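Colleague: Got a structure for you, my_file-v8.cif, holding mmCIF, C-alpha atoms.
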```cif
data_protein
#
loop_
_atom_site.label_atom_id
_atom_site.label_comp_id
_atom_site.auth_asym_id
_atom_site.auth_seq_id
_atom_site.Cartn_x
_atom_site.Cartn_y
_atom_site.Cartn_z
CA VAL A 1 5.53 -189.15 17.94
CA LEU A 2 7.70 -188.03 20.84
CA PRO A 3 6.35 -188.73 24.34
CA LEU A 4 5.20 -185.61 26.21
CA GLU A 5 7.93 -185.96 28.87
CA GLY A 6 10.65 -185.94 26.22
CA ILE A 7 9.07 -183.03 24.40
CA GLU A 8 8.83 -180.94 27.57
CA LYS A 9 12.43 -181.70 28.54
CA PHE A 10 13.98 -181.14 25.13
CA ILE A 11 11.79 -178.97 22.85
CA GLY A 12 10.19 -177.18 25.80
CA GLN A 13 13.46 -175.31 26.30
CA TRP A 14 12.65 -173.07 23.32
CA GLU A 15 8.99 -173.70 22.48
CA GLU A 16 5.79 -173.38 24.53
CA ILE A 17 4.36 -176.91 24.64
CA ASP A 18 0.65 -177.60 24.16
CA GLY A 19 0.45 -181.35 24.69
CA ASP A 20 -3.29 -181.49 24.03
CA THR A 21 -3.35 -180.17 20.45
CA THR A 22 0.23 -180.36 19.18
CA GLU A 23 2.40 -183.29 18.11
CA TYR A 24 6.16 -183.43 17.50
CA ILE A 25 8.11 -185.89 15.39
CA PRO A 26 11.92 -185.92 15.17
CA CYS A 27 13.06 -186.10 11.54
CA ILE A 28 16.80 -185.84 10.90
CA GLN A 29 20.08 -184.65 12.32
CA LEU A 30 22.32 -182.54 10.09
CA PRO A 31 25.83 -183.85 9.36
CA GLN A 32 28.20 -183.57 12.33
CA GLN A 33 29.68 -180.08 12.81
CA ASP A 34 32.47 -178.82 15.07
CA ASP A 35 30.54 -176.08 16.89
CA TYR A 36 26.88 -177.11 16.85
CA ILE A 37 24.31 -179.87 16.44
CA GLY A 38 21.53 -179.36 13.90
CA ILE A 39 18.20 -181.17 14.03
CA ILE A 40 14.94 -180.97 12.12
CA TYR A 41 11.63 -181.84 13.73
CA TRP A 42 8.00 -181.64 12.63
CA ARG A 43 5.38 -179.83 14.70
CA GLY A 44 1.73 -180.49 13.92
CA ALA A 45 -0.79 -178.12 15.45
CA ILE A 46 -4.36 -177.23 14.56
CA LEU A 47 -4.37 -175.92 10.96
CA GLN A 48 -0.57 -175.45 10.91
CA TYR A 49 2.25 -177.91 10.28
CA ASP A 50 5.91 -176.88 10.37
CA TYR A 51 9.34 -178.39 9.89
CA PHE A 52 11.76 -176.59 12.19
CA LEU A 53 15.53 -176.52 11.91
CA VAL A 54 17.15 -176.02 15.30
CA THR A 55 20.82 -175.59 16.04
CA LEU A 56 22.22 -176.21 19.52
CA ASP A 57 25.66 -175.64 20.94
CA LYS A 58 27.60 -178.60 22.34
CA ASN A 59 25.99 -177.94 25.75
CA GLY A 60 22.48 -178.26 24.30
CA GLN A 61 21.71 -174.52 24.40
CA LEU A 62 19.66 -173.05 21.55
CA ILE A 63 21.61 -171.10 18.93
CA SER A 64 18.94 -170.66 16.28
CA ARG A 65 15.47 -171.96 15.33
CA LYS A 66 13.68 -171.40 12.01
CA SER A 67 10.65 -172.87 10.28
CA ILE A 68 11.98 -174.17 6.96
CA ALA A 69 8.78 -175.67 5.53
CA SER A 70 5.13 -175.44 6.48
CA THR A 71 1.46 -175.68 5.65
CA LYS A 72 -0.91 -173.16 7.21
CA ILE A 73 -4.65 -172.92 6.65
CA ASP A 74 -6.00 -169.42 7.20
CA GLY A 75 -9.70 -169.40 6.35
CA GLU A 76 -9.92 -170.09 2.61
CA ILE A 77 -6.18 -169.47 2.05
CA ILE A 78 -3.71 -172.36 2.14
CA LYS A 79 -0.08 -171.26 2.55
CA ARG A 80 2.67 -173.78 1.82
CA SER A 81 6.42 -173.76 1.74
CA VAL A 82 8.81 -176.56 0.84
CA ALA A 83 12.54 -176.79 1.44
CA SER A 84 15.59 -178.63 0.21
CA ILE A 85 18.96 -178.64 1.95
CA ASP A 86 22.15 -179.00 -0.06
CA ASN A 87 25.53 -180.35 1.06
CA ASP A 88 26.77 -176.83 1.94
CA LEU A 89 23.80 -176.42 4.34
CA ILE A 90 22.05 -173.93 2.08
CA ILE A 91 18.28 -174.28 2.52
CA ASN A 92 16.32 -173.41 -0.62
CA ILE A 93 12.67 -172.62 0.06
CA ILE A 94 9.71 -172.08 -2.26
CA ALA A 95 6.60 -170.53 -0.68
CA GLY A 96 3.18 -169.84 -2.09
CA ALA A 97 -0.50 -169.57 -1.30
CA THR A 98 -3.76 -170.48 -2.96
CA GLN A 99 -7.48 -170.30 -2.34
CA SER A 100 -8.77 -173.68 -1.19
CA GLU A 101 -10.97 -174.03 -4.29
CA GLN A 102 -8.33 -172.95 -6.84
CA ASP A 103 -5.42 -174.67 -8.53
CA TYR A 104 -1.97 -173.71 -7.34
CA ASP A 105 -0.25 -171.09 -9.52
CA PRO A 106 3.55 -171.57 -9.35
CA ASP A 107 4.09 -168.11 -10.88
CA GLN A 108 2.82 -166.66 -7.59
CA SER A 109 5.49 -168.47 -5.55
CA GLN A 110 8.46 -166.83 -3.88
CA ALA A 111 11.91 -168.35 -3.60
CA PHE A 112 14.36 -167.57 -0.84
CA SER A 113 17.24 -169.21 0.94
CA MET A 114 18.70 -169.66 4.38
CA GLU A 115 22.19 -170.75 5.28
CA VAL A 116 23.45 -172.54 8.36
CA MET A 117 26.64 -170.72 9.30
CA PRO A 118 29.67 -172.48 10.87
CA THR A 119 28.59 -170.95 14.22
CA GLY A 120 25.14 -172.60 13.98
CA ASP A 121 23.32 -169.34 13.24
CA ILE A 122 20.63 -169.72 10.57
CA LEU A 123 20.59 -166.65 8.33
CA PHE A 124 18.36 -165.61 5.45
CA THR A 125 20.45 -165.08 2.35
CA PHE A 126 17.68 -163.72 0.08
CA GLY A 127 14.90 -161.78 1.82
CA ASP A 128 13.74 -162.18 5.41
CA GLU A 129 10.26 -163.57 6.01
CA GLY A 130 10.55 -163.25 9.80
CA ASN A 131 10.43 -166.97 10.66
#
```
Could you express the structure from this file as structure tokens?
Modeller:
Amino acid sequence: VLPLEGIEKFIGQWEEIDGDTTEYIPCIQLPQQDDYIGIIYWRGAILQYDYFLVTLDKNGQLISRKSIASTKIDGEIIKRSVASIDNDLIINIIAGATQSEQDYDPDQSQAFSMEVMPTGDILFTFGDEGN
């Protein structure tokens, strides 16, 4: 878990920090790129957990930020998405939802992709879910 001071200084540049109910864990850095730095971190809040991909320019300024995987509990509905990132920085995501008492039905899942462009912009390549 990142200390609150580090979170406020780094992640607080692009995210409103609630140090009482939210935790952050750094996960990985994307392979070195010429024009940006890419990092993935986990944010755990009450009833919602997300993995965010953030790209920063060489001066540390935010280029793009997207949730690439998550779990969200909304009453009796559990929404989940999982992601894989290939060597070309294509992010393949499968998302679905289920009632808390029911088995997961993979036929009800949706697949979509995002791509990290050479500029550091993260773009949806199939559908836009508004993340």
Colleague: Please report the interatomic distance between CA of Asp20 (chain A) and CA of Gln61 (chain A) in Å with one decimal.
Modeller: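 So the two atoms, CA of Asp20 (chain A) and CA of Gln61 (chain A), lie 26.0 Å apart.
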Colleague: I'd like the contact shell of Gln110 (chain A) - 9 Å cut-off, only C-alpha atoms, skipping same-chain residues fewer than 5 positions apart - returned as a ChimeraX atom specification.
Modeller: /A:93-96
Colleague: Within 10 Å of (13.9, -175.5, 13.1) in the file's own coordinates, which protein, DNA or RNA residues have an atom, counting only C-alpha atoms? List them as a PDB file with C-alpha atoms, keeping the file's coordinate frame.
Modeller:
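Below is the file that was written, result-v2.pdb:
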```pdb
ATOM      1  CA  GLY A  38      21.530-179.360  13.900  1.00  0.00           C
ATOM      2  CA  ILE A  39      18.200-181.170  14.030  1.00  0.00           C
ATOM      3  CA  ILE A  40      14.940-180.970  12.120  1.00  0.00           C
ATOM      4  CA  TYR A  41      11.630-181.840  13.730  1.00  0.00           C
ATOM      5  CA  TRP A  42       8.000-181.640  12.630  1.00  0.00           C
ATOM      6  CA  ARG A  43       5.380-179.830  14.700  1.00  0.00           C
ATOM      7  CA  ASP A  50       5.910-176.880  10.370  1.00  0.00           C
ATOM      8  CA  TYR A  51       9.340-178.390   9.890  1.00  0.00           C
ATOM      9  CA  PHE A  52      11.760-176.590  12.190  1.00  0.00           C
ATOM     10  CA  LEU A  53      15.530-176.520  11.910  1.00  0.00           C
ATOM     11  CA  VAL A  54      17.150-176.020  15.300  1.00  0.00           C
ATOM     12  CA  THR A  55      20.820-175.590  16.040  1.00  0.00           C
ATOM     13  CA  SER A  64      18.940-170.660  16.280  1.00  0.00           C
ATOM     14  CA  ARG A  65      15.470-171.960  15.330  1.00  0.00           C
ATOM     15  CA  LYS A  66      13.680-171.400  12.010  1.00  0.00           C
ATOM     16  CA  SER A  67      10.650-172.870  10.280  1.00  0.00           C
ATOM     17  CA  ILE A  68      11.980-174.170   6.960  1.00  0.00           C
ATOM     18  CA  ALA A  69       8.780-175.670   5.530  1.00  0.00           C
ATOM     19  CA  ILE A 122      20.630-169.720  10.570  1.00  0.00           C
ATOM     20  CA  ASN A 131      10.430-166.970  10.660  1.00  0.00           C
TER      21      ASN A 131
END
```
Colleague: Identify, on the basis of only C-alpha atoms, every residue whose closest approach to Leu123 (chain A) does not exceed 10 Å; exclude the query and any residue fewer than 2 positions from it along the same chain; express the result as a VMD selection string.
Modeller: chain A and resid 64 66 90 to 91 113 to 117 120 to 121 125 to 128
Colleague: To one decimal place, how far is CA of Ile28 (chain A) from CA of Leu62 (chain A) in Å?
Modeller: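 Between these atoms lies a distance of 16.9 Å.
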Colleague: Between A:Ala97, A:Asp35, A:Asn92, A:Leu30, single out the one closest to Gly60 (chain A), counting only C-alpha atoms.
Modeller: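 Ranked by minimum distance to Gly60 (chain A), first place goes to A:Asp35.
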Colleague: Quick one, how far is CA of Asp34 (chain A) from CA of Glu5 (chain A)?
Modeller: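 CA of Glu5 (chain A) lies 29.0 Å from CA of Asp34 (chain A).
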Colleague: Between A:Leu56, A:Cys27, A:Leu89, A:Ile73, which is the closest to Phe10 (chain A) once you count all atoms listed in the file?
Modeller: A:Leu56
Colleague: Looking at A:Leu47, A:Lys9, A:Phe124, A:Val82, which one is nearest to Ser109 (chain A), with distances taken over all atoms listed in the file?
Modeller: A:Val82
Colleague: Taking into account all atoms listed in the file, which residue in the set A:Ile78, A:Ile63, A:Ile25, A:Ile46 is nearest to Ser100 (chain A)?
Modeller: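 Of all the options, A:Ile78 lies closest to Ser100 (chain A).
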Colleague: For Ala83 (chain A), which residue among A:Pro26, A:Phe112, A:Asp107, A:Glu8 is the nearest when counting all atoms listed in the file?
Modeller: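 The answer is A:Phe112, which sits nearest to Ala83 (chain A).
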